[in-house]
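S.K.: Just dropping this structure here.
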Amino acid sequence: MTLARVPDGLDAGLALLDRQIVDCDGRPVAKVDDLEIAYDAEGRPYISALLYGAGAAGPRIRGGVGRAITAIWRRFRPEFDPRPARIPLNHVSGIDSAVHLSIPVTAIDLPVTTWVNDRIIRKIPGAGHGA
Amino acid sequence: MAPDLPVGQLFGRPVIDSDGRTIGHVHDARLRRDGPFIAGFGPAYRIEGLLVRLRSIAGRLGIDRPNIAGPWPLDVWGRRAARRARFIPWDTVTFEDDVLRTRLTAAELSPGYE
């Protein structure tokens, strides 16, 4: 089994948060907007997933702007109690100046991108003629 | 146990020591790769502790790191600010609403950076 090529220790804010996430072909996916915490059997915390999108970025921005971003994000989500989009750590293949995934971008849930593609891009004449 | 919060929402929260004094605010989270094994990734990143610092202009500028590379005098200023950061082991921290408390005193805390 191939394990991720990542450093043994790092500071989350400096080396992970706000870094670009790229898929297995080097295509941009999103930014790391936050990191999900889980707890092991002994109650020790560890990082279980990368969080991305407005649902993760909004609460990190203090004040009215952050609350507005989070409120708009919640309004657009169909769930009663929406959770930020996440990429489990088992899809991470490496960390350097970017966070590299072992899966293609098409396998990742990108609600805003999907919404923009479906509602706007595809309705533009000639949108389906791209290479 | 900490509340159900992601890492980024810990940043900026005030930290109070066992004497009731504010040590500073959470600035970063130090991760060590010795957590539970995740298939395809390996050992997960465990949160070893939190880096705490007082609010400063150097912090606002993002230059308060020990390995900042020039230009002078920003590197000197940044390294000096980094020396004031303190490391708080996670297992000494308890959560009270928006505030974090450590059972250590400020004098017992180790420097944030070697």
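Residue numbering restarts at 1 in every chain; chains get A, B, ... in the order shown in the structure tokens, and ligands count up from 1 in that same order.
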Which residues come within 10 Å of stretch 29-36 of chain A, counting only C-alpha atoms, excluding same-chain residues fewer than 4 positions away, as a VMD selection string?
M.R.: (chain A and resid 12 to 13 16 to 23 45 to 60 84 to 89 98 to 101 104 to 106 108 to 110 113) or (chain B and resid 4 to 9)
S.K.: Report as a PDB file with all heavy atoms, in the first residue's frame the set of chain B residues whose atoms approach chain A to within 10 Å, with distances computed over only C-alpha atoms.
M.R.:
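Contents of selection_5.pdb, freshly written:
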```
ATOM      1  N   MET B   1     -13.153  17.007  26.814  1.00  0.00           N
ATOM      2  CA  MET B   1     -13.183  16.914  25.359  1.00  0.00           C
ATOM      3  C   MET B   1     -13.570  18.251  24.749  1.00  0.00           C
ATOM      4  O   MET B   1     -14.370  18.973  25.292  1.00  0.00           O
ATOM      5  CB  MET B   1     -14.154  15.804  24.942  1.00  0.00           C
ATOM      6  CG  MET B   1     -14.403  15.773  23.479  1.00  0.00           C
ATOM      7  SD  MET B   1     -14.358  14.260  22.540  1.00  0.00           S
ATOM      8  CE  MET B   1     -13.697  12.992  23.487  1.00  0.00           C
ATOM      9  N   ALA B   2     -12.983  18.549  23.609  1.00  0.00           N
ATOM     10  CA  ALA B   2     -13.256  19.817  22.943  1.00  0.00           C
ATOM     11  C   ALA B   2     -14.630  19.776  22.273  1.00  0.00           C
ATOM     12  O   ALA B   2     -15.150  18.709  21.981  1.00  0.00           O
ATOM     13  CB  ALA B   2     -12.183  20.080  21.897  1.00  0.00           C
ATOM     14  N   PRO B   3     -15.207  20.922  22.052  1.00  0.00           N
ATOM     15  CA  PRO B   3     -16.469  20.952  21.301  1.00  0.00           C
ATOM     16  C   PRO B   3     -16.235  20.513  19.865  1.00  0.00           C
ATOM     17  O   PRO B   3     -15.100  20.411  19.413  1.00  0.00           O
ATOM     18  CB  PRO B   3     -16.882  22.424  21.389  1.00  0.00           C
ATOM     19  CG  PRO B   3     -15.625  23.164  21.675  1.00  0.00           C
ATOM     20  CD  PRO B   3     -14.751  22.237  22.452  1.00  0.00           C
ATOM     21  N   ASP B   4     -17.325  20.257  19.168  1.00  0.00           N
ATOM     22  CA  ASP B   4     -17.241  19.757  17.802  1.00  0.00           C
ATOM     23  C   ASP B   4     -16.901  20.918  16.864  1.00  0.00           C
ATOM     24  O   ASP B   4     -17.762  21.441  16.169  1.00  0.00           O
ATOM     25  CB  ASP B   4     -18.582  19.116  17.428  1.00  0.00           C
ATOM     26  CG  ASP B   4     -18.528  18.507  16.051  1.00  0.00           C
ATOM     27  OD1 ASP B   4     -17.419  18.209  15.582  1.00  0.00           O
ATOM     28  OD2 ASP B   4     -19.604  18.338  15.444  1.00  0.00           O
ATOM     29  N   LEU B   5     -15.651  21.302  16.868  1.00  0.00           N
ATOM     30  CA  LEU B   5     -15.203  22.432  16.058  1.00  0.00           C
ATOM     31  C   LEU B   5     -14.072  21.983  15.146  1.00  0.00           C
ATOM     32  O   LEU B   5     -13.248  21.174  15.551  1.00  0.00           O
ATOM     33  CB  LEU B   5     -14.674  23.562  16.946  1.00  0.00           C
ATOM     34  CG  LEU B   5     -15.676  24.380  17.742  1.00  0.00           C
ATOM     35  CD1 LEU B   5     -14.928  25.352  18.636  1.00  0.00           C
ATOM     36  CD2 LEU B   5     -16.619  25.121  16.823  1.00  0.00           C
ATOM     37  N   PRO B   6     -13.981  22.535  13.946  1.00  0.00           N
ATOM     38  CA  PRO B   6     -12.789  22.299  13.141  1.00  0.00           C
ATOM     39  C   PRO B   6     -11.615  23.136  13.650  1.00  0.00           C
ATOM     40  O   PRO B   6     -11.789  24.058  14.446  1.00  0.00           O
ATOM     41  CB  PRO B   6     -13.221  22.727  11.738  1.00  0.00           C
ATOM     42  CG  PRO B   6     -14.352  23.661  11.950  1.00  0.00           C
ATOM     43  CD  PRO B   6     -15.002  23.298  13.241  1.00  0.00           C
ATOM     44  N   VAL B   7     -10.438  22.817  13.164  1.00  0.00           N
ATOM     45  CA  VAL B   7      -9.214  23.448  13.661  1.00  0.00           C
ATOM     46  C   VAL B   7      -9.250  24.967  13.512  1.00  0.00           C
ATOM     47  O   VAL B   7      -8.909  25.714  14.435  1.00  0.00           O
ATOM     48  CB  VAL B   7      -7.990  22.871  12.912  1.00  0.00           C
ATOM     49  CG1 VAL B   7      -6.739  23.671  13.239  1.00  0.00           C
ATOM     50  CG2 VAL B   7      -7.790  21.415  13.287  1.00  0.00           C
ATOM     51  N   GLY B   8      -9.667  25.444  12.353  1.00  0.00           N
ATOM     52  CA  GLY B   8      -9.614  26.869  12.059  1.00  0.00           C
ATOM     53  C   GLY B   8     -10.431  27.710  13.016  1.00  0.00           C
ATOM     54  O   GLY B   8     -10.132  28.885  13.229  1.00  0.00           O
ATOM     55  N   GLN B   9     -11.474  27.110  13.596  1.00  0.00           N
ATOM     56  CA  GLN B   9     -12.321  27.882  14.507  1.00  0.00           C
ATOM     57  C   GLN B   9     -11.732  27.973  15.911  1.00  0.00           C
ATOM     58  O   GLN B   9     -12.295  28.627  16.776  1.00  0.00           O
ATOM     59  CB  GLN B   9     -13.718  27.293  14.531  1.00  0.00           C
ATOM     60  CG  GLN B   9     -14.445  27.542  13.219  1.00  0.00           C
ATOM     61  CD  GLN B   9     -15.879  27.077  13.253  1.00  0.00           C
ATOM     62  OE1 GLN B   9     -16.594  27.297  14.213  1.00  0.00           O
ATOM     63  NE2 GLN B   9     -16.311  26.422  12.180  1.00  0.00           N
ATOM     64  N   LEU B  10     -10.614  27.295  16.133  1.00  0.00           N
ATOM     65  CA  LEU B  10      -9.899  27.473  17.404  1.00  0.00           C
ATOM     66  C   LEU B  10      -9.007  28.705  17.357  1.00  0.00           C
ATOM     67  O   LEU B  10      -8.702  29.305  18.382  1.00  0.00           O
ATOM     68  CB  LEU B  10      -9.030  26.244  17.700  1.00  0.00           C
ATOM     69  CG  LEU B  10      -9.743  24.907  17.851  1.00  0.00           C
ATOM     70  CD1 LEU B  10      -8.717  23.795  18.034  1.00  0.00           C
ATOM     71  CD2 LEU B  10     -10.700  24.941  19.023  1.00  0.00           C
ATOM     72  N   PHE B  11      -8.605  29.086  16.147  1.00  0.00           N
ATOM     73  CA  PHE B  11      -7.654  30.185  16.004  1.00  0.00           C
ATOM     74  C   PHE B  11      -8.287  31.497  16.470  1.00  0.00           C
ATOM     75  O   PHE B  11      -9.448  31.784  16.189  1.00  0.00           O
ATOM     76  CB  PHE B  11      -7.210  30.331  14.550  1.00  0.00           C
ATOM     77  CG  PHE B  11      -6.365  29.174  14.064  1.00  0.00           C
ATOM     78  CD1 PHE B  11      -6.114  28.084  14.868  1.00  0.00           C
ATOM     79  CD2 PHE B  11      -5.836  29.181  12.794  1.00  0.00           C
ATOM     80  CE1 PHE B  11      -5.341  27.022  14.430  1.00  0.00           C
ATOM     81  CE2 PHE B  11      -5.067  28.126  12.329  1.00  0.00           C
ATOM     82  CZ  PHE B  11      -4.819  27.044  13.149  1.00  0.00           C
ATOM     83  N   GLY B  12      -7.473  32.280  17.145  1.00  0.00           N
ATOM     84  CA  GLY B  12      -7.946  33.586  17.608  1.00  0.00           C
ATOM     85  C   GLY B  12      -8.610  33.547  18.966  1.00  0.00           C
ATOM     86  O   GLY B  12      -8.883  34.591  19.554  1.00  0.00           O
ATOM     87  N   HIS B  27      -2.832  30.741  17.800  1.00  0.00           N
ATOM     88  CA  HIS B  27      -2.224  31.233  16.582  1.00  0.00           C
ATOM     89  C   HIS B  27      -2.086  30.102  15.548  1.00  0.00           C
ATOM     90  O   HIS B  27      -2.179  30.317  14.350  1.00  0.00           O
ATOM     91  CB  HIS B  27      -0.860  31.822  16.958  1.00  0.00           C
ATOM     92  CG  HIS B  27       0.083  32.031  15.852  1.00  0.00           C
ATOM     93  ND1 HIS B  27      -0.228  32.764  14.742  1.00  0.00           N
ATOM     94  CD2 HIS B  27       1.361  31.611  15.672  1.00  0.00           C
ATOM     95  CE1 HIS B  27       0.816  32.779  13.938  1.00  0.00           C
ATOM     96  NE2 HIS B  27       1.772  32.089  14.467  1.00  0.00           N
ATOM     97  N   ASP B  28      -1.865  28.883  16.036  1.00  0.00           N
ATOM     98  CA  ASP B  28      -1.694  27.765  15.122  1.00  0.00           C
ATOM     99  C   ASP B  28      -1.892  26.469  15.898  1.00  0.00           C
ATOM    100  O   ASP B  28      -1.966  26.490  17.134  1.00  0.00           O
ATOM    101  CB  ASP B  28      -0.290  27.797  14.483  1.00  0.00           C
ATOM    102  CG  ASP B  28      -0.309  27.248  13.065  1.00  0.00           C
ATOM    103  OD1 ASP B  28      -1.152  26.368  12.793  1.00  0.00           O
ATOM    104  OD2 ASP B  28       0.499  27.694  12.244  1.00  0.00           O
ATOM    105  N   ALA B  29      -1.985  25.362  15.187  1.00  0.00           N
ATOM    106  CA  ALA B  29      -2.102  24.045  15.810  1.00  0.00           C
ATOM    107  C   ALA B  29      -0.973  23.173  15.299  1.00  0.00           C
ATOM    108  O   ALA B  29      -0.775  23.073  14.080  1.00  0.00           O
ATOM    109  CB  ALA B  29      -3.451  23.421  15.482  1.00  0.00           C
ATOM    110  N   ARG B  30      -0.214  22.607  16.223  1.00  0.00           N
ATOM    111  CA  ARG B  30       0.927  21.775  15.813  1.00  0.00           C
ATOM    112  C   ARG B  30       0.471  20.332  15.655  1.00  0.00           C
ATOM    113  O   ARG B  30      -0.143  19.759  16.553  1.00  0.00           O
ATOM    114  CB  ARG B  30       2.049  21.873  16.850  1.00  0.00           C
ATOM    115  CG  ARG B  30       3.284  21.103  16.440  1.00  0.00           C
ATOM    116  CD  ARG B  30       4.509  21.746  17.003  1.00  0.00           C
ATOM    117  NE  ARG B  30       4.749  23.062  16.408  1.00  0.00           N
ATOM    118  CZ  ARG B  30       5.587  23.962  16.920  1.00  0.00           C
ATOM    119  NH1 ARG B  30       6.244  23.704  18.005  1.00  0.00           N
ATOM    120  NH2 ARG B  30       5.764  25.130  16.324  1.00  0.00           N
ATOM    121  N   LEU B  31       0.762  19.770  14.478  1.00  0.00           N
ATOM    122  CA  LEU B  31       0.321  18.415  14.158  1.00  0.00           C
ATOM    123  C   LEU B  31       1.514  17.484  14.125  1.00  0.00           C
ATOM    124  O   LEU B  31       2.592  17.853  13.642  1.00  0.00           O
ATOM    125  CB  LEU B  31      -0.390  18.399  12.792  1.00  0.00           C
ATOM    126  CG  LEU B  31      -1.519  19.411  12.587  1.00  0.00           C
ATOM    127  CD1 LEU B  31      -2.118  19.250  11.201  1.00  0.00           C
ATOM    128  CD2 LEU B  31      -2.597  19.248  13.643  1.00  0.00           C
ATOM    129  N   ARG B  32       1.318  16.271  14.623  1.00  0.00           N
ATOM    130  CA  ARG B  32       2.354  15.237  14.596  1.00  0.00           C
ATOM    131  C   ARG B  32       1.729  13.988  13.983  1.00  0.00           C
ATOM    132  O   ARG B  32       0.590  13.635  14.297  1.00  0.00           O
ATOM    133  CB  ARG B  32       2.835  14.957  16.027  1.00  0.00           C
ATOM    134  CG  ARG B  32       3.965  14.000  16.154  1.00  0.00           C
ATOM    135  CD  ARG B  32       5.279  14.573  15.720  1.00  0.00           C
ATOM    136  NE  ARG B  32       5.562  15.888  16.287  1.00  0.00           N
ATOM    137  CZ  ARG B  32       6.455  16.736  15.754  1.00  0.00           C
ATOM    138  NH1 ARG B  32       7.120  16.418  14.675  1.00  0.00           N
ATOM    139  NH2 ARG B  32       6.668  17.909  16.306  1.00  0.00           N
ATOM    140  N   ARG B  33       2.482  13.340  13.119  1.00  0.00           N
ATOM    141  CA  ARG B  33       1.903  12.222  12.370  1.00  0.00           C
ATOM    142  C   ARG B  33       2.020  10.917  13.152  1.00  0.00           C
ATOM    143  O   ARG B  33       2.750  10.003  12.761  1.00  0.00           O
ATOM    144  CB  ARG B  33       2.597  12.106  11.018  1.00  0.00           C
ATOM    145  CG  ARG B  33       1.771  11.396   9.994  1.00  0.00           C
ATOM    146  CD  ARG B  33       2.419  11.385   8.650  1.00  0.00           C
ATOM    147  NE  ARG B  33       1.596  10.657   7.700  1.00  0.00           N
ATOM    148  CZ  ARG B  33       2.082   9.914   6.726  1.00  0.00           C
ATOM    149  NH1 ARG B  33       3.375   9.824   6.557  1.00  0.00           N
ATOM    150  NH2 ARG B  33       1.260   9.263   5.911  1.00  0.00           N
ATOM    151  N   ASP B  34       1.296  10.829  14.232  1.00  0.00           N
ATOM    152  CA  ASP B  34       1.311   9.601  15.013  1.00  0.00           C
ATOM    153  C   ASP B  34      -0.096   9.253  15.506  1.00  0.00           C
ATOM    154  O   ASP B  34      -0.260   8.665  16.573  1.00  0.00           O
ATOM    155  CB  ASP B  34       2.290   9.723  16.187  1.00  0.00           C
ATOM    156  CG  ASP B  34       1.926  10.867  17.131  1.00  0.00           C
ATOM    157  OD1 ASP B  34       0.920  11.553  16.871  1.00  0.00           O
ATOM    158  OD2 ASP B  34       2.643  11.070  18.125  1.00  0.00           O
ATOM    159  N   GLY B  35      -1.095   9.616  14.728  1.00  0.00           N
ATOM    160  CA  GLY B  35      -2.488   9.319  15.074  1.00  0.00           C
ATOM    161  C   GLY B  35      -2.907   7.961  14.556  1.00  0.00           C
ATOM    162  O   GLY B  35      -2.062   7.165  14.130  1.00  0.00           O
ATOM    163  N   PRO B  36      -4.202   7.679  14.582  1.00  0.00           N
ATOM    164  CA  PRO B  36      -4.707   6.399  14.085  1.00  0.00           C
ATOM    165  C   PRO B  36      -4.343   6.192  12.616  1.00  0.00           C
ATOM    166  O   PRO B  36      -4.261   7.147  11.846  1.00  0.00           O
ATOM    167  CB  PRO B  36      -6.223   6.527  14.258  1.00  0.00           C
ATOM    168  CG  PRO B  36      -6.428   7.643  15.197  1.00  0.00           C
ATOM    169  CD  PRO B  36      -5.266   8.559  15.068  1.00  0.00           C
ATOM    170  N   PHE B  37      -4.133   4.941  12.235  1.00  0.00           N
ATOM    171  CA  PHE B  37      -3.755   4.626  10.859  1.00  0.00           C
ATOM    172  C   PHE B  37      -4.967   4.803   9.943  1.00  0.00           C
ATOM    173  O   PHE B  37      -6.041   4.258  10.202  1.00  0.00           O
ATOM    174  CB  PHE B  37      -3.235   3.192  10.775  1.00  0.00           C
ATOM    175  CG  PHE B  37      -2.604   2.891   9.458  1.00  0.00           C
ATOM    176  CD1 PHE B  37      -1.258   3.161   9.236  1.00  0.00           C
ATOM    177  CD2 PHE B  37      -3.353   2.342   8.421  1.00  0.00           C
ATOM    178  CE1 PHE B  37      -0.670   2.882   8.015  1.00  0.00           C
ATOM    179  CE2 PHE B  37      -2.777   2.063   7.191  1.00  0.00           C
ATOM    180  CZ  PHE B  37      -1.431   2.340   6.988  1.00  0.00           C
ATOM    181  N   ILE B  38      -4.767   5.582   8.874  1.00  0.00           N
ATOM    182  CA  ILE B  38      -5.814   5.783   7.872  1.00  0.00           C
ATOM    183  C   ILE B  38      -5.352   5.104   6.592  1.00  0.00           C
ATOM    184  O   ILE B  38      -4.279   5.427   6.073  1.00  0.00           O
ATOM    185  CB  ILE B  38      -6.061   7.287   7.628  1.00  0.00           C
ATOM    186  CG1 ILE B  38      -6.587   7.949   8.908  1.00  0.00           C
ATOM    187  CG2 ILE B  38      -7.030   7.495   6.478  1.00  0.00           C
ATOM    188  CD1 ILE B  38      -6.778   9.451   8.791  1.00  0.00           C
ATOM    189  N   ALA B  39      -6.146   4.163   6.103  1.00  0.00           N
ATOM    190  CA  ALA B  39      -5.775   3.413   4.904  1.00  0.00           C
ATOM    191  C   ALA B  39      -5.526   4.366   3.744  1.00  0.00           C
ATOM    192  O   ALA B  39      -6.337   5.253   3.476  1.00  0.00           O
ATOM    193  CB  ALA B  39      -6.883   2.430   4.552  1.00  0.00           C
ATOM    194  N   GLY B  40      -4.399   4.206   3.062  1.00  0.00           N
ATOM    195  CA  GLY B  40      -4.078   5.050   1.925  1.00  0.00           C
ATOM    196  C   GLY B  40      -3.351   6.327   2.311  1.00  0.00           C
ATOM    197  O   GLY B  40      -2.791   7.001   1.449  1.00  0.00           O
ATOM    198  N   PHE B  41      -3.370   6.672   3.560  1.00  0.00           N
ATOM    199  CA  PHE B  41      -2.684   7.890   4.027  1.00  0.00           C
ATOM    200  C   PHE B  41      -1.555   7.550   4.986  1.00  0.00           C
ATOM    201  O   PHE B  41      -0.470   8.109   4.907  1.00  0.00           O
ATOM    202  CB  PHE B  41      -3.679   8.834   4.712  1.00  0.00           C
ATOM    203  CG  PHE B  41      -3.064  10.141   5.150  1.00  0.00           C
ATOM    204  CD1 PHE B  41      -2.853  11.174   4.243  1.00  0.00           C
ATOM    205  CD2 PHE B  41      -2.684  10.345   6.477  1.00  0.00           C
ATOM    206  CE1 PHE B  41      -2.271  12.367   4.646  1.00  0.00           C
ATOM    207  CE2 PHE B  41      -2.112  11.533   6.888  1.00  0.00           C
ATOM    208  CZ  PHE B  41      -1.900  12.543   5.962  1.00  0.00           C
ATOM    209  N   GLY B  42      -1.829   6.607   5.868  1.00  0.00           N
ATOM    210  CA  GLY B  42      -0.852   6.267   6.896  1.00  0.00           C
ATOM    211  C   GLY B  42      -1.291   6.820   8.233  1.00  0.00           C
ATOM    212  O   GLY B  42      -2.481   7.108   8.426  1.00  0.00           O
ATOM    213  N   PRO B  43      -0.372   7.009   9.159  1.00  0.00           N
ATOM    214  CA  PRO B  43      -0.765   7.574  10.460  1.00  0.00           C
ATOM    215  C   PRO B  43      -1.367   8.973  10.277  1.00  0.00           C
ATOM    216  O   PRO B  43      -0.834   9.794   9.542  1.00  0.00           O
ATOM    217  CB  PRO B  43       0.567   7.655  11.226  1.00  0.00           C
ATOM    218  CG  PRO B  43       1.481   6.721  10.529  1.00  0.00           C
ATOM    219  CD  PRO B  43       1.062   6.689   9.100  1.00  0.00           C
ATOM    220  N   ALA B  44      -2.480   9.197  10.943  1.00  0.00           N
ATOM    221  CA  ALA B  44      -3.152  10.496  10.824  1.00  0.00           C
ATOM    222  C   ALA B  44      -2.365  11.558  11.578  1.00  0.00           C
ATOM    223  O   ALA B  44      -1.521  11.251  12.424  1.00  0.00           O
ATOM    224  CB  ALA B  44      -4.558  10.394  11.395  1.00  0.00           C
ATOM    225  N   TYR B  45      -2.654  12.812  11.269  1.00  0.00           N
ATOM    226  CA  TYR B  45      -2.051  13.923  11.987  1.00  0.00           C
ATOM    227  C   TYR B  45      -2.801  14.128  13.300  1.00  0.00           C
ATOM    228  O   TYR B  45      -3.967  14.497  13.306  1.00  0.00           O
ATOM    229  CB  TYR B  45      -2.122  15.202  11.160  1.00  0.00           C
ATOM    230  CG  TYR B  45      -1.034  15.326  10.130  1.00  0.00           C
ATOM    231  CD1 TYR B  45      -1.330  15.365   8.780  1.00  0.00           C
ATOM    232  CD2 TYR B  45       0.293  15.402  10.511  1.00  0.00           C
ATOM    233  CE1 TYR B  45      -0.332  15.481   7.823  1.00  0.00           C
ATOM    234  CE2 TYR B  45       1.301  15.512   9.574  1.00  0.00           C
ATOM    235  CZ  TYR B  45       0.984  15.552   8.240  1.00  0.00           C
ATOM    236  OH  TYR B  45       1.983  15.668   7.310  1.00  0.00           O
ATOM    237  N   ARG B  46      -2.094  13.880  14.398  1.00  0.00           N
ATOM    238  CA  ARG B  46      -2.670  14.134  15.712  1.00  0.00           C
ATOM    239  C   ARG B  46      -2.366  15.582  16.111  1.00  0.00           C
ATOM    240  O   ARG B  46      -1.305  16.107  15.780  1.00  0.00           O
ATOM    241  CB  ARG B  46      -2.052  13.180  16.738  1.00  0.00           C
ATOM    242  CG  ARG B  46      -2.619  13.292  18.133  1.00  0.00           C
ATOM    243  CD  ARG B  46      -2.014  12.231  19.035  1.00  0.00           C
ATOM    244  NE  ARG B  46      -0.560  12.332  19.112  1.00  0.00           N
ATOM    245  CZ  ARG B  46       0.100  13.168  19.909  1.00  0.00           C
ATOM    246  NH1 ARG B  46      -0.581  14.008  20.689  1.00  0.00           N
ATOM    247  NH2 ARG B  46       1.421  13.192  19.944  1.00  0.00           N
ATOM    248  N   ILE B  47      -3.312  16.203  16.774  1.00  0.00           N
ATOM    249  CA  ILE B  47      -3.078  17.576  17.253  1.00  0.00           C
ATOM    250  C   ILE B  47      -2.268  17.483  18.545  1.00  0.00           C
ATOM    251  O   ILE B  47      -2.767  17.048  19.582  1.00  0.00           O
ATOM    252  CB  ILE B  47      -4.389  18.333  17.489  1.00  0.00           C
ATOM    253  CG1 ILE B  47      -5.218  18.373  16.202  1.00  0.00           C
ATOM    254  CG2 ILE B  47      -4.101  19.747  17.972  1.00  0.00           C
ATOM    255  CD1 ILE B  47      -6.550  19.071  16.355  1.00  0.00           C
ATOM    256  N   GLU B  48      -1.008  17.864  18.454  1.00  0.00           N
ATOM    257  CA  GLU B  48      -0.104  17.758  19.585  1.00  0.00           C
ATOM    258  C   GLU B  48      -0.340  18.899  20.584  1.00  0.00           C
ATOM    259  O   GLU B  48      -0.259  18.687  21.793  1.00  0.00           O
ATOM    260  CB  GLU B  48       1.329  17.832  19.053  1.00  0.00           C
ATOM    261  CG  GLU B  48       2.392  17.455  20.017  1.00  0.00           C
ATOM    262  CD  GLU B  48       3.761  17.462  19.338  1.00  0.00           C
ATOM    263  OE1 GLU B  48       3.914  18.158  18.318  1.00  0.00           O
ATOM    264  OE2 GLU B  48       4.658  16.790  19.829  1.00  0.00           O
ATOM    265  N   GLY B  49      -0.624  20.050  20.070  1.00  0.00           N
ATOM    266  CA  GLY B  49      -0.845  21.191  20.943  1.00  0.00           C
ATOM    267  C   GLY B  49      -1.142  22.441  20.138  1.00  0.00           C
ATOM    268  O   GLY B  49      -1.247  22.395  18.909  1.00  0.00           O
ATOM    269  N   LEU B  50      -1.249  23.542  20.848  1.00  0.00           N
ATOM    270  CA  LEU B  50      -1.600  24.810  20.215  1.00  0.00           C
ATOM    271  C   LEU B  50      -0.479  25.818  20.408  1.00  0.00           C
ATOM    272  O   LEU B  50       0.167  25.840  21.459  1.00  0.00           O
ATOM    273  CB  LEU B  50      -2.892  25.357  20.827  1.00  0.00           C
ATOM    274  CG  LEU B  50      -4.114  24.437  20.719  1.00  0.00           C
ATOM    275  CD1 LEU B  50      -5.263  25.002  21.548  1.00  0.00           C
ATOM    276  CD2 LEU B  50      -4.546  24.262  19.271  1.00  0.00           C
ATOM    277  N   LEU B  51      -0.254  26.628  19.408  1.00  0.00           N
ATOM    278  CA  LEU B  51       0.690  27.729  19.516  1.00  0.00           C
ATOM    279  C   LEU B  51      -0.095  28.977  19.887  1.00  0.00           C
ATOM    280  O   LEU B  51      -1.104  29.288  19.249  1.00  0.00           O
ATOM    281  CB  LEU B  51       1.425  27.938  18.196  1.00  0.00           C
ATOM    282  CG  LEU B  51       2.395  26.820  17.811  1.00  0.00           C
ATOM    283  CD1 LEU B  51       2.905  27.026  16.401  1.00  0.00           C
ATOM    284  CD2 LEU B  51       3.547  26.766  18.771  1.00  0.00           C
ATOM    285  N   GLY B  62       2.029  38.507   9.402  1.00  0.00           N
ATOM    286  CA  GLY B  62       2.381  37.122   9.095  1.00  0.00           C
ATOM    287  C   GLY B  62       3.866  36.858   9.050  1.00  0.00           C
ATOM    288  O   GLY B  62       4.315  35.903   8.418  1.00  0.00           O
ATOM    289  N   ARG B  65       7.501  34.235  12.407  1.00  0.00           N
ATOM    290  CA  ARG B  65       7.940  32.838  12.285  1.00  0.00           C
ATOM    291  C   ARG B  65       9.453  32.809  12.469  1.00  0.00           C
ATOM    292  O   ARG B  65      10.156  33.753  12.079  1.00  0.00           O
ATOM    293  CB  ARG B  65       7.589  32.282  10.907  1.00  0.00           C
ATOM    294  CG  ARG B  65       6.115  32.324  10.575  1.00  0.00           C
ATOM    295  CD  ARG B  65       5.360  31.201  11.243  1.00  0.00           C
ATOM    296  NE  ARG B  65       3.923  31.309  11.000  1.00  0.00           N
ATOM    297  CZ  ARG B  65       3.037  30.419  11.446  1.00  0.00           C
ATOM    298  NH1 ARG B  65       3.444  29.383  12.134  1.00  0.00           N
ATOM    299  NH2 ARG B  65       1.762  30.576  11.198  1.00  0.00           N
ATOM    300  N   TRP B  90      -1.981  19.790  24.071  1.00  0.00           N
ATOM    301  CA  TRP B  90      -3.435  19.669  23.948  1.00  0.00           C
ATOM    302  C   TRP B  90      -4.069  19.095  25.212  1.00  0.00           C
ATOM    303  O   TRP B  90      -5.149  19.512  25.626  1.00  0.00           O
ATOM    304  CB  TRP B  90      -3.779  18.797  22.732  1.00  0.00           C
ATOM    305  CG  TRP B  90      -5.245  18.636  22.523  1.00  0.00           C
ATOM    306  CD1 TRP B  90      -6.047  17.679  23.073  1.00  0.00           C
ATOM    307  CD2 TRP B  90      -6.112  19.475  21.740  1.00  0.00           C
ATOM    308  NE1 TRP B  90      -7.354  17.857  22.673  1.00  0.00           N
ATOM    309  CE2 TRP B  90      -7.409  18.946  21.855  1.00  0.00           C
ATOM    310  CE3 TRP B  90      -5.894  20.606  20.946  1.00  0.00           C
ATOM    311  CZ2 TRP B  90      -8.496  19.522  21.187  1.00  0.00           C
ATOM    312  CZ3 TRP B  90      -6.992  21.172  20.284  1.00  0.00           C
ATOM    313  CH2 TRP B  90      -8.266  20.636  20.418  1.00  0.00           C
ATOM    314  N   ASP B  91      -3.375  18.141  25.840  1.00  0.00           N
ATOM    315  CA  ASP B  91      -3.999  17.474  26.986  1.00  0.00           C
ATOM    316  C   ASP B  91      -4.027  18.341  28.239  1.00  0.00           C
ATOM    317  O   ASP B  91      -4.509  17.906  29.283  1.00  0.00           O
ATOM    318  CB  ASP B  91      -3.323  16.123  27.277  1.00  0.00           C
ATOM    319  CG  ASP B  91      -1.826  16.267  27.447  1.00  0.00           C
ATOM    320  OD1 ASP B  91      -1.351  17.416  27.493  1.00  0.00           O
ATOM    321  OD2 ASP B  91      -1.134  15.239  27.537  1.00  0.00           O
TER     322      ASP B  91
END
```
S.K.: Please run DSSP on the backbone and report, as a PyMOL selection string, all residues within stretch 42-71 of chain A that come out as strand (DSSP E or B).
M.R.: chain A and resi 45-52
S.K.: Assign secondary structure with DSSP using the backbone only, and return the residues of chain B in helix (DSSP H, G or I) as a list in words.
M.R.: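 These are the residues in question: Val7, Gly8, Gln9, Leu10, Ile57, Ala58, Gly59, Arg60, Leu61, Leu74, Asp75, Val76, Trp77, Gly78, Arg79, Arg80, Ala81, Ala82, Arg83, Trp90, Asp91, Thr92, Ala106, Ala107 and Glu108 of chain B.
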S.K.: Between atom CA of B:Asp97 and atom CA of B:Arg84, what is the distance, to one decimal in Å?
M.R.: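 One can read the atom CA of B:Asp97 to atom CA of B:Arg84 distance as 25.7 Å.
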S.K.: What is the atom CA of B:Val26 to atom CA of B:Leu61 distance in Å?
M.R.: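 Distance reported for this atom pair: 16.0 Å.
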S.K.: For the atom pair atom CA of B:Ile57 and atom CA of A:Ile95, what is the interatomic distance in Å to one decimal place?
M.R.: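 Interatomic distance here is 29.4 Å.
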S.K.: Skipping near chain neighbours, those fewer than 6 positions away, what residues fall within 9 Å of stretch 105-114 of chain B using only C-alpha atoms, listed as a VMD selection string?
M.R.: chain B and resid 16 to 23 50 to 53 65 to 66 82 to 89
